[in-house]
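> Got a structure for you, written out below as structure tokens; questions coming shortly.
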Amino acid sequence: MAELKQAKVPDIGNYTNIPVIEVLVKPGDTVVRDQGLVTLESDKATMEVPAPFAGVVKEIKVKLGDEVSEGSV
């Protein structure tokens, strides 16, 4: 059985509580390393959070409108 891994928000500078404006994958999707998972939007920039590894998405922990910070799953 494959090990479950969690994708976390990488270093996004001094920003916290950044809203999720787009979820780019769904459970069951196969992703490759560096593929976008979600899009975040601060008051200054829009950023895609990339997959840190390849695999199959088992569960999405965020939804549109949720706010995340560095280290959030």
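Going through the structure tokens in order, the chains are called A, B, and so on, while each chain numbers its residues from 1 and the ligands are numbered from 1 in the order shown.
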Would you pick out the contacts of stretch 36-40 of chain A at 6 Å or less, using only C-alpha atoms, so that residues sharing its chain but fewer than 2 positions from it are not included, and give the list as a list in words?
Pro19, Val20, Ile21, Glu22, Val23, Leu24, Val25, Thr46, Met47, Glu48, Val49 and Pro50 of chain A
> Grab the atom CA of A:Ile18 to atom CA of A:Asp43 distance for me, in Å with one decimal place.
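About the pair atom CA of A:Ile18 and atom CA of A:Asp43: they are 8.9 Å apart.
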> Select, from A:Thr30, A:Ser72, A:Thr16, A:Gln6, the residue with the minimum atom-to-atom distance to A:Ser42, counting only C-alpha atoms.
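Among A:Thr30, A:Ser72, A:Thr16, A:Gln6, it is A:Thr16 that comes nearest to A:Ser42.
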> Hey, what does DSSP flag as strand (DSSP E or B) within chain A? Can you give it to me as an NGL selection string?
:A and (12 or 14 or 18-23 or 30-31 or 36-41 or 46-50 or 55-56 or 67-68)
> Save out the residues we just selected, N, CA and C atoms, as an mmCIF file, in the first residue's frame.

data_model
loop_
_atom_site.group_PDB
_atom_site.id
_atom_site.type_symbol
_atom_site.label_atom_id
_atom_site.label_comp_id
_atom_site.auth_asym_id
_atom_site.auth_seq_id
_atom_site.Cartn_x
_atom_site.Cartn_y
_atom_site.Cartn_z
ATOM 1 N N ILE A 12 5.270 31.434 1.137
ATOM 2 C CA ILE A 12 4.586 32.444 0.321
ATOM 3 C C ILE A 12 4.911 33.849 0.843
ATOM 4 N N ASN A 14 5.639 36.803 3.586
ATOM 5 C CA ASN A 14 5.086 37.199 4.882
ATOM 6 C C ASN A 14 3.564 37.226 4.883
ATOM 7 N N ILE A 18 -4.391 33.666 3.236
ATOM 8 C CA ILE A 18 -4.584 33.960 1.817
ATOM 9 C C ILE A 18 -5.757 33.126 1.309
ATOM 10 N N PRO A 19 -6.746 33.739 0.661
ATOM 11 C CA PRO A 19 -7.908 32.984 0.198
ATOM 12 C C PRO A 19 -7.603 32.055 -0.981
ATOM 13 N N VAL A 20 -8.248 30.895 -0.940
ATOM 14 C CA VAL A 20 -8.218 29.941 -2.055
ATOM 15 C C VAL A 20 -9.270 30.411 -3.057
ATOM 16 N N ILE A 21 -8.825 30.723 -4.282
ATOM 17 C CA ILE A 21 -9.782 31.212 -5.286
ATOM 18 C C ILE A 21 -10.097 30.166 -6.351
ATOM 19 N N GLU A 22 -9.323 29.071 -6.359
ATOM 20 C CA GLU A 22 -9.573 28.020 -7.347
ATOM 21 C C GLU A 22 -8.967 26.718 -6.849
ATOM 22 N N VAL A 23 -9.718 25.623 -6.978
ATOM 23 C CA VAL A 23 -9.212 24.286 -6.685
ATOM 24 C C VAL A 23 -9.058 23.604 -8.038
ATOM 25 N N THR A 30 -4.836 12.068 -11.028
ATOM 26 C CA THR A 30 -3.413 11.783 -10.969
ATOM 27 C C THR A 30 -2.676 13.074 -11.282
ATOM 28 N N VAL A 31 -1.710 13.420 -10.434
ATOM 29 C CA VAL A 31 -0.954 14.654 -10.632
ATOM 30 C C VAL A 31 0.525 14.333 -10.777
ATOM 31 N N GLY A 36 -0.167 22.402 -10.688
ATOM 32 C CA GLY A 36 -0.934 23.245 -9.791
ATOM 33 C C GLY A 36 -2.045 22.476 -9.090
ATOM 34 N N LEU A 37 -2.196 22.712 -7.787
ATOM 35 C CA LEU A 37 -3.252 22.073 -6.999
ATOM 36 C C LEU A 37 -4.370 23.057 -6.671
ATOM 37 N N VAL A 38 -3.997 24.227 -6.186
ATOM 38 C CA VAL A 38 -4.956 25.288 -5.871
ATOM 39 C C VAL A 38 -4.341 26.629 -6.265
ATOM 40 N N THR A 39 -5.203 27.625 -6.437
ATOM 41 C CA THR A 39 -4.742 28.987 -6.717
ATOM 42 C C THR A 39 -5.111 29.865 -5.534
ATOM 43 N N LEU A 40 -4.125 30.651 -5.088
ATOM 44 C CA LEU A 40 -4.317 31.584 -3.980
ATOM 45 C C LEU A 40 -4.226 32.999 -4.524
ATOM 46 N N GLU A 41 -4.911 33.941 -3.856
ATOM 47 C CA GLU A 41 -4.838 35.324 -4.315
ATOM 48 C C GLU A 41 -4.695 36.269 -3.124
ATOM 49 N N THR A 46 -1.397 36.570 -7.521
ATOM 50 C CA THR A 46 -2.083 35.286 -7.611
ATOM 51 C C THR A 46 -1.005 34.216 -7.745
ATOM 52 N N MET A 47 -1.159 33.106 -7.018
ATOM 53 C CA MET A 47 -0.134 32.072 -7.017
ATOM 54 C C MET A 47 -0.761 30.694 -7.020
ATOM 55 N N GLU A 48 -0.249 29.812 -7.891
ATOM 56 C CA GLU A 48 -0.646 28.410 -7.847
ATOM 57 C C GLU A 48 0.254 27.676 -6.868
ATOM 58 N N VAL A 49 -0.350 26.839 -6.045
ATOM 59 C CA VAL A 49 0.424 25.982 -5.153
ATOM 60 C C VAL A 49 0.696 24.691 -5.912
ATOM 61 N N PRO A 50 1.976 24.370 -6.159
ATOM 62 C CA PRO A 50 2.306 23.182 -6.943
ATOM 63 C C PRO A 50 2.337 21.910 -6.103
ATOM 64 N N GLY A 55 1.443 11.758 -7.740
ATOM 65 C CA GLY A 55 0.602 10.778 -7.061
ATOM 66 C C GLY A 55 -0.850 10.927 -7.450
ATOM 67 N N VAL A 56 -1.708 10.289 -6.671
ATOM 68 C CA VAL A 56 -3.148 10.338 -6.890
ATOM 69 C C VAL A 56 -3.772 11.100 -5.725
ATOM 70 N N GLU A 67 -9.085 30.153 3.808
ATOM 71 C CA GLU A 67 -7.860 30.936 3.903
ATOM 72 C C GLU A 67 -6.732 30.038 4.402
ATOM 73 N N VAL A 68 -5.577 30.129 3.756
ATOM 74 C CA VAL A 68 -4.435 29.292 4.106
ATOM 75 C C VAL A 68 -3.204 30.164 4.334
#
> Could you work out how far atom CA of A:Gly13 lies from atom CA of A:Glu59, giving the answer in Å with one decimal?
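Taking atom CA of A:Glu59 as the start and atom CA of A:Gly13 as the end point, the length is 26.3 Å.
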